[in-house]
Amino acid sequence: MDDYLSEQEQWEEVKGWVREGWPWFAGAVLVVAGAWSGWKAWQSHREGQYAAAAAQYEQLIRALDRNDAQQGASLADQLARDYAGSGYADQAQLALARLQVERNEFAPALERLQKVLATTKDAELRPLVRLRIARIQLQQGQPDATIATLAAGGAELGAFAPRYAELRGDALLAKGDREGALKAYREAQGAGQPAGPATAAGGSELLTLKINDLTRS
């Protein structure tokens, strides 16, 4: 007997494999097609959300440019509600909090910043938010709270380390700890506080003035 199948037998075997395997193959194709369609739909939905969030954020900025805090608050709250955790929602809260601080509305500004700190998904944003919270606390006459807030930043400070050190110095000085304040200011200077006009090396003009004032007296 021949060890090889005839062409007819081979063809019949192929047709049998197709009949048996076709349902599985068709199902696999449908699954892949469904997954691709679902991914495209999700991408389209996501892009639509970003566009809507961006449009609301632009409306908020225009409201704040008009000094319309009421509409700004409404839009910021809407962004936080509809697009929680997004960059637009975070930036809206920061922009509104800045306006509130300029209007000496420290309590609502602090509340907004604390909410951003607790909910943001942007790890690089947290040091900035924490710094603004600490500044408001110091403005409210709470140097101990300021120091505690700054200390909670831990190792996430990065480029904000000099600013943290300088603000800690301000808080210590407010407590009457001149030696501690001077040490913090020098730490800020040594860490490379961004320079301004007519600066000493490694520190801003204002920071240099703070150090000079403490070393002269």
# chains A, B, ... in the order shown; residues from 1 in each chain; ligands from 1
>>> residues_around(residues="Phe160 (chain A)", least_positions_apart="3", cutoff="8 Å", atoms="only C-alpha atoms", output="PyMOL selection string")
chain A and resi 127-128+157+163-164
>>> residues_around(residues="Ala181 (chain A)", least_positions_apart="6", cutoff="6 Å", atoms="only C-alpha atoms", output="PyMOL selection string")
chain A and resi 169+172-173
>>> write_last_selection(atoms="C-alpha atoms", output="CSV table (one decimal), in the first residue's frame")
chain,number,residue,atom,x,y,z
A,169,GLY,CA,12.5,79.5,56.7
A,172,LEU,CA,10.4,79.5,61.4
A,173,LEU,CA,11.0,83.2,61.3
>>> residues_around(residues="Lys115 (chain A)", least_positions_apart="4", cutoff="12 Å", atoms="only C-alpha atoms", output="number ranges by chain")
A: 77, 80, 84-85, 89-90, 93-94, 97, 108-111, 119-121, 126, 129-130, 133
>>> write_last_selection(atoms="N, CA and C atoms", output="compact mmCIF listing (two decimals), in the first residue's frame")
# COMPACT_ATOMS: atom_id res chain seq x y z
N ASP A 77 -16.10 73.45 39.38
CA ASP A 77 -16.83 72.37 40.03
C ASP A 77 -17.38 71.39 39.01
N ALA A 80 -14.53 69.24 37.83
CA ALA A 80 -14.18 68.26 38.87
C ALA A 80 -15.21 67.14 38.92
N ALA A 84 -13.26 64.16 36.72
CA ALA A 84 -12.47 64.04 37.95
C ALA A 84 -11.14 63.35 37.66
N GLY A 85 -10.09 63.92 38.25
CA GLY A 85 -8.76 63.34 38.10
C GLY A 85 -8.05 63.72 36.82
N ALA A 89 -9.27 69.28 35.09
CA ALA A 89 -9.96 69.49 36.36
C ALA A 89 -8.99 70.02 37.41
N ASP A 90 -7.79 69.45 37.46
CA ASP A 90 -6.78 69.91 38.42
C ASP A 90 -6.39 71.36 38.16
N GLN A 93 -9.00 73.92 39.20
CA GLN A 93 -9.02 74.18 40.63
C GLN A 93 -7.86 75.09 41.05
N LEU A 94 -6.68 74.87 40.46
CA LEU A 94 -5.52 75.70 40.78
C LEU A 94 -5.73 77.14 40.34
N ALA A 97 -8.27 78.76 42.65
CA ALA A 97 -7.66 78.98 43.96
C ALA A 97 -6.74 80.19 43.93
N PRO A 108 -11.71 79.16 51.12
CA PRO A 108 -12.13 78.36 49.96
C PRO A 108 -10.97 77.96 49.06
N ALA A 109 -9.95 78.81 48.96
CA ALA A 109 -8.78 78.46 48.15
C ALA A 109 -8.07 77.26 48.77
N LEU A 110 -7.92 77.27 50.07
CA LEU A 110 -7.27 76.17 50.77
C LEU A 110 -8.05 74.87 50.59
N GLU A 111 -9.36 74.97 50.67
CA GLU A 111 -10.20 73.78 50.50
C GLU A 111 -10.03 73.18 49.11
N THR A 119 -6.77 64.14 45.36
CA THR A 119 -7.37 63.41 44.23
C THR A 119 -6.54 63.37 42.97
N THR A 120 -5.54 64.25 42.83
CA THR A 120 -4.82 64.30 41.57
C THR A 120 -4.06 63.01 41.28
N LYS A 121 -4.00 62.66 40.00
CA LYS A 121 -3.24 61.49 39.57
C LYS A 121 -1.85 61.89 39.07
N ARG A 126 1.76 67.36 42.65
CA ARG A 126 1.55 67.40 44.11
C ARG A 126 2.50 68.34 44.85
N VAL A 129 1.15 71.88 44.50
CA VAL A 129 -0.10 72.06 45.25
C VAL A 129 0.20 72.17 46.75
N ARG A 130 1.08 71.29 47.23
CA ARG A 130 1.43 71.32 48.65
C ARG A 130 2.10 72.64 49.03
N ILE A 133 -0.56 75.29 49.34
CA ILE A 133 -1.31 75.10 50.59
C ILE A 133 -0.52 75.69 51.76
>>> atom_distance(atom1="CA of Leu209 (chain A)", atom2="CA of Tyr185 (chain A)")
10.2 Å
>>> residues_around(residues="region 53-64 of chain A", least_positions_apart="6", cutoff="12 Å", atoms="only C-alpha atoms", output="ChimeraX atom specification")
/A:46-47,70-100,102-103
>>> write_last_selection(atoms="C-alpha atoms", output="mmCIF file, in the first residue's frame")
data_model
loop_
_atom_site.group_PDB
_atom_site.id
_atom_site.type_symbol
_atom_site.label_atom_id
_atom_site.label_comp_id
_atom_site.auth_asym_id
_atom_site.auth_seq_id
_atom_site.Cartn_x
_atom_site.Cartn_y
_atom_site.Cartn_z
ATOM 1 C CA ARG A 46 -11.906 59.546 25.207
ATOM 2 C CA GLU A 47 -10.947 62.128 22.584
ATOM 3 C CA GLN A 70 -18.764 82.908 40.568
ATOM 4 C CA GLN A 71 -18.811 81.527 37.036
ATOM 5 C CA GLY A 72 -15.243 80.314 37.483
ATOM 6 C CA ALA A 73 -16.252 78.343 40.562
ATOM 7 C CA SER A 74 -19.221 76.856 38.728
ATOM 8 C CA LEU A 75 -17.068 75.733 35.802
ATOM 9 C CA ALA A 76 -14.300 74.414 38.058
ATOM 10 C CA ASP A 77 -16.825 72.366 40.033
ATOM 11 C CA GLN A 78 -18.339 71.045 36.806
ATOM 12 C CA LEU A 79 -14.916 69.970 35.549
ATOM 13 C CA ALA A 80 -14.183 68.259 38.867
ATOM 14 C CA ARG A 81 -17.513 66.478 38.701
ATOM 15 C CA ASP A 82 -17.494 65.436 35.030
ATOM 16 C CA TYR A 83 -13.763 64.898 34.487
ATOM 17 C CA ALA A 84 -12.472 64.036 37.951
ATOM 18 C CA GLY A 85 -8.763 63.335 38.102
ATOM 19 C CA SER A 86 -8.064 64.837 34.687
ATOM 20 C CA GLY A 87 -5.406 67.464 34.116
ATOM 21 C CA TYR A 88 -8.038 69.990 33.121
ATOM 22 C CA ALA A 89 -9.956 69.487 36.360
ATOM 23 C CA ASP A 90 -6.782 69.905 38.419
ATOM 24 C CA GLN A 91 -5.652 73.025 36.576
ATOM 25 C CA ALA A 92 -9.123 74.552 36.863
ATOM 26 C CA GLN A 93 -9.023 74.185 40.634
ATOM 27 C CA LEU A 94 -5.523 75.695 40.783
ATOM 28 C CA ALA A 95 -6.527 78.657 38.625
ATOM 29 C CA LEU A 96 -9.602 79.372 40.728
ATOM 30 C CA ALA A 97 -7.663 78.983 43.962
ATOM 31 C CA ARG A 98 -5.137 81.544 42.704
ATOM 32 C CA LEU A 99 -7.922 84.066 42.069
ATOM 33 C CA GLN A 100 -9.410 83.383 45.502
ATOM 34 C CA GLU A 102 -5.735 87.302 45.248
ATOM 35 C CA ARG A 103 -9.151 88.229 46.645
#
>>> atom_distance(atom1="CA of Gly141 (chain A)", atom2="CA of Ser204 (chain A)")
24.3 Å
>>> decode(residues="region 69-211 of chain A", atoms="C-alpha atoms", output="PDB file, in the first residue's frame")
ATOM      1  CA  ALA A  69     -15.174  84.150  40.404  1.00  0.00           C
ATOM      2  CA  GLN A  70     -18.764  82.908  40.568  1.00  0.00           C
ATOM      3  CA  GLN A  71     -18.811  81.527  37.036  1.00  0.00           C
ATOM      4  CA  GLY A  72     -15.243  80.314  37.483  1.00  0.00           C
ATOM      5  CA  ALA A  73     -16.252  78.343  40.562  1.00  0.00           C
ATOM      6  CA  SER A  74     -19.221  76.856  38.728  1.00  0.00           C
ATOM      7  CA  LEU A  75     -17.068  75.733  35.802  1.00  0.00           C
ATOM      8  CA  ALA A  76     -14.300  74.414  38.058  1.00  0.00           C
ATOM      9  CA  ASP A  77     -16.825  72.366  40.033  1.00  0.00           C
ATOM     10  CA  GLN A  78     -18.339  71.045  36.806  1.00  0.00           C
ATOM     11  CA  LEU A  79     -14.916  69.970  35.549  1.00  0.00           C
ATOM     12  CA  ALA A  80     -14.183  68.259  38.867  1.00  0.00           C
ATOM     13  CA  ARG A  81     -17.513  66.478  38.701  1.00  0.00           C
ATOM     14  CA  ASP A  82     -17.494  65.436  35.030  1.00  0.00           C
ATOM     15  CA  TYR A  83     -13.763  64.898  34.487  1.00  0.00           C
ATOM     16  CA  ALA A  84     -12.472  64.036  37.951  1.00  0.00           C
ATOM     17  CA  GLY A  85      -8.763  63.335  38.102  1.00  0.00           C
ATOM     18  CA  SER A  86      -8.064  64.837  34.687  1.00  0.00           C
ATOM     19  CA  GLY A  87      -5.406  67.464  34.116  1.00  0.00           C
ATOM     20  CA  TYR A  88      -8.038  69.990  33.121  1.00  0.00           C
ATOM     21  CA  ALA A  89      -9.956  69.487  36.360  1.00  0.00           C
ATOM     22  CA  ASP A  90      -6.782  69.905  38.419  1.00  0.00           C
ATOM     23  CA  GLN A  91      -5.652  73.025  36.576  1.00  0.00           C
ATOM     24  CA  ALA A  92      -9.123  74.552  36.863  1.00  0.00           C
ATOM     25  CA  GLN A  93      -9.023  74.185  40.634  1.00  0.00           C
ATOM     26  CA  LEU A  94      -5.523  75.695  40.783  1.00  0.00           C
ATOM     27  CA  ALA A  95      -6.527  78.657  38.625  1.00  0.00           C
ATOM     28  CA  LEU A  96      -9.602  79.372  40.728  1.00  0.00           C
ATOM     29  CA  ALA A  97      -7.663  78.983  43.962  1.00  0.00           C
ATOM     30  CA  ARG A  98      -5.137  81.544  42.704  1.00  0.00           C
ATOM     31  CA  LEU A  99      -7.922  84.066  42.069  1.00  0.00           C
ATOM     32  CA  GLN A 100      -9.410  83.383  45.502  1.00  0.00           C
ATOM     33  CA  VAL A 101      -6.044  84.016  47.152  1.00  0.00           C
ATOM     34  CA  GLU A 102      -5.735  87.302  45.248  1.00  0.00           C
ATOM     35  CA  ARG A 103      -9.151  88.229  46.645  1.00  0.00           C
ATOM     36  CA  ASN A 104      -8.031  87.205  50.157  1.00  0.00           C
ATOM     37  CA  GLU A 105     -10.512  84.317  50.140  1.00  0.00           C
ATOM     38  CA  PHE A 106      -8.066  81.970  51.810  1.00  0.00           C
ATOM     39  CA  ALA A 107     -10.450  79.380  53.251  1.00  0.00           C
ATOM     40  CA  PRO A 108     -12.130  78.361  49.961  1.00  0.00           C
ATOM     41  CA  ALA A 109      -8.778  78.458  48.154  1.00  0.00           C
ATOM     42  CA  LEU A 110      -7.269  76.168  50.772  1.00  0.00           C
ATOM     43  CA  GLU A 111     -10.201  73.778  50.504  1.00  0.00           C
ATOM     44  CA  ARG A 112      -9.819  73.530  46.730  1.00  0.00           C
ATOM     45  CA  LEU A 113      -6.082  72.948  46.888  1.00  0.00           C
ATOM     46  CA  GLN A 114      -6.438  70.263  49.543  1.00  0.00           C
ATOM     47  CA  LYS A 115      -8.989  68.494  47.361  1.00  0.00           C
ATOM     48  CA  VAL A 116      -6.603  68.562  44.394  1.00  0.00           C
ATOM     49  CA  LEU A 117      -3.789  67.212  46.563  1.00  0.00           C
ATOM     50  CA  ALA A 118      -5.998  64.321  47.675  1.00  0.00           C
ATOM     51  CA  THR A 119      -7.369  63.407  44.234  1.00  0.00           C
ATOM     52  CA  THR A 120      -4.815  64.303  41.567  1.00  0.00           C
ATOM     53  CA  LYS A 121      -3.244  61.487  39.567  1.00  0.00           C
ATOM     54  CA  ASP A 122      -0.315  63.711  38.580  1.00  0.00           C
ATOM     55  CA  ALA A 123       2.571  62.962  40.943  1.00  0.00           C
ATOM     56  CA  GLU A 124       4.566  65.897  39.563  1.00  0.00           C
ATOM     57  CA  LEU A 125       1.752  68.306  40.421  1.00  0.00           C
ATOM     58  CA  ARG A 126       1.550  67.397  44.108  1.00  0.00           C
ATOM     59  CA  PRO A 127       4.689  69.312  45.246  1.00  0.00           C
ATOM     60  CA  LEU A 128       3.346  72.523  43.697  1.00  0.00           C
ATOM     61  CA  VAL A 129      -0.099  72.064  45.255  1.00  0.00           C
ATOM     62  CA  ARG A 130       1.426  71.320  48.650  1.00  0.00           C
ATOM     63  CA  LEU A 131       3.598  74.432  48.393  1.00  0.00           C
ATOM     64  CA  ARG A 132       0.568  76.616  47.668  1.00  0.00           C
ATOM     65  CA  ILE A 133      -1.305  75.105  50.592  1.00  0.00           C
ATOM     66  CA  ALA A 134       1.628  75.875  52.882  1.00  0.00           C
ATOM     67  CA  ARG A 135       1.781  79.472  51.654  1.00  0.00           C
ATOM     68  CA  ILE A 136      -1.884  79.990  52.462  1.00  0.00           C
ATOM     69  CA  GLN A 137      -1.411  78.483  55.910  1.00  0.00           C
ATOM     70  CA  LEU A 138       1.436  80.882  56.605  1.00  0.00           C
ATOM     71  CA  GLN A 139      -0.660  83.755  55.283  1.00  0.00           C
ATOM     72  CA  GLN A 140      -3.325  82.726  57.786  1.00  0.00           C
ATOM     73  CA  GLY A 141      -0.802  82.923  60.615  1.00  0.00           C
ATOM     74  CA  GLN A 142      -0.306  79.169  61.015  1.00  0.00           C
ATOM     75  CA  PRO A 143       3.471  78.598  60.875  1.00  0.00           C
ATOM     76  CA  ASP A 144       3.283  75.198  62.578  1.00  0.00           C
ATOM     77  CA  ALA A 145       0.739  73.968  60.024  1.00  0.00           C
ATOM     78  CA  THR A 146       2.945  75.381  57.279  1.00  0.00           C
ATOM     79  CA  ILE A 147       5.977  73.448  58.495  1.00  0.00           C
ATOM     80  CA  ALA A 148       3.938  70.246  58.845  1.00  0.00           C
ATOM     81  CA  THR A 149       2.547  70.583  55.322  1.00  0.00           C
ATOM     82  CA  LEU A 150       6.017  71.121  53.870  1.00  0.00           C
ATOM     83  CA  ALA A 151       7.434  68.186  55.827  1.00  0.00           C
ATOM     84  CA  ALA A 152       4.725  65.913  54.416  1.00  0.00           C
ATOM     85  CA  GLY A 153       6.207  66.426  50.954  1.00  0.00           C
ATOM     86  CA  GLY A 154       8.887  63.860  51.725  1.00  0.00           C
ATOM     87  CA  ALA A 155      11.103  62.848  48.813  1.00  0.00           C
ATOM     88  CA  GLU A 156       8.738  64.011  46.082  1.00  0.00           C
ATOM     89  CA  LEU A 157       9.989  67.610  46.041  1.00  0.00           C
ATOM     90  CA  GLY A 158      12.373  67.504  43.108  1.00  0.00           C
ATOM     91  CA  ALA A 159      12.925  70.991  41.689  1.00  0.00           C
ATOM     92  CA  PHE A 160      10.654  72.437  44.388  1.00  0.00           C
ATOM     93  CA  ALA A 161      13.123  71.631  47.196  1.00  0.00           C
ATOM     94  CA  PRO A 162      14.612  75.176  47.302  1.00  0.00           C
ATOM     95  CA  ARG A 163      11.160  76.766  47.497  1.00  0.00           C
ATOM     96  CA  TYR A 164      10.161  74.396  50.269  1.00  0.00           C
ATOM     97  CA  ALA A 165      13.275  75.282  52.229  1.00  0.00           C
ATOM     98  CA  GLU A 166      12.718  79.021  51.814  1.00  0.00           C
ATOM     99  CA  LEU A 167       9.081  78.821  52.884  1.00  0.00           C
ATOM    100  CA  ARG A 168      10.079  76.695  55.861  1.00  0.00           C
ATOM    101  CA  GLY A 169      12.511  79.484  56.747  1.00  0.00           C
ATOM    102  CA  ASP A 170       9.670  82.011  56.536  1.00  0.00           C
ATOM    103  CA  ALA A 171       7.564  79.876  58.865  1.00  0.00           C
ATOM    104  CA  LEU A 172      10.404  79.451  61.357  1.00  0.00           C
ATOM    105  CA  LEU A 173      11.045  83.177  61.303  1.00  0.00           C
ATOM    106  CA  ALA A 174       7.349  83.776  62.000  1.00  0.00           C
ATOM    107  CA  LYS A 175       7.766  81.563  65.074  1.00  0.00           C
ATOM    108  CA  GLY A 176      10.747  83.628  66.209  1.00  0.00           C
ATOM    109  CA  ASP A 177      13.324  80.958  65.358  1.00  0.00           C
ATOM    110  CA  ARG A 178      15.885  83.151  63.597  1.00  0.00           C
ATOM    111  CA  GLU A 179      18.649  80.544  63.704  1.00  0.00           C
ATOM    112  CA  GLY A 180      16.387  77.896  62.210  1.00  0.00           C
ATOM    113  CA  ALA A 181      15.162  80.343  59.567  1.00  0.00           C
ATOM    114  CA  LEU A 182      18.717  81.271  58.560  1.00  0.00           C
ATOM    115  CA  LYS A 183      19.621  77.589  58.256  1.00  0.00           C
ATOM    116  CA  ALA A 184      16.580  76.962  56.036  1.00  0.00           C
ATOM    117  CA  TYR A 185      17.359  79.994  53.857  1.00  0.00           C
ATOM    118  CA  ARG A 186      20.924  78.837  53.362  1.00  0.00           C
ATOM    119  CA  GLU A 187      19.622  75.382  52.499  1.00  0.00           C
ATOM    120  CA  ALA A 188      17.392  76.965  49.860  1.00  0.00           C
ATOM    121  CA  GLN A 189      20.297  78.998  48.516  1.00  0.00           C
ATOM    122  CA  GLY A 190      22.554  75.965  48.393  1.00  0.00           C
ATOM    123  CA  ALA A 191      19.884  73.921  46.629  1.00  0.00           C
ATOM    124  CA  GLY A 192      19.816  76.408  43.763  1.00  0.00           C
ATOM    125  CA  GLN A 193      16.871  78.721  44.346  1.00  0.00           C
ATOM    126  CA  PRO A 194      15.969  80.222  40.944  1.00  0.00           C
ATOM    127  CA  ALA A 195      17.875  83.460  40.463  1.00  0.00           C
ATOM    128  CA  GLY A 196      16.397  86.882  39.841  1.00  0.00           C
ATOM    129  CA  PRO A 197      18.029  90.177  38.822  1.00  0.00           C
ATOM    130  CA  ALA A 198      21.104  91.341  40.727  1.00  0.00           C
ATOM    131  CA  THR A 199      21.341  88.063  42.603  1.00  0.00           C
ATOM    132  CA  ALA A 200      24.066  86.431  44.569  1.00  0.00           C
ATOM    133  CA  ALA A 201      25.222  83.110  43.195  1.00  0.00           C
ATOM    134  CA  GLY A 202      22.789  80.324  43.923  1.00  0.00           C
ATOM    135  CA  GLY A 203      19.920  82.400  45.249  1.00  0.00           C
ATOM    136  CA  SER A 204      17.212  84.861  44.381  1.00  0.00           C
ATOM    137  CA  GLU A 205      17.521  88.518  45.277  1.00  0.00           C
ATOM    138  CA  LEU A 206      14.779  88.252  47.908  1.00  0.00           C
ATOM    139  CA  LEU A 207      16.339  85.157  49.436  1.00  0.00           C
ATOM    140  CA  THR A 208      19.714  86.896  49.585  1.00  0.00           C
ATOM    141  CA  LEU A 209      18.115  89.859  51.338  1.00  0.00           C
ATOM    142  CA  LYS A 210      16.545  87.536  53.904  1.00  0.00           C
ATOM    143  CA  ILE A 211      19.897  85.918  54.629  1.00  0.00           C
TER     144      ILE A 211
END
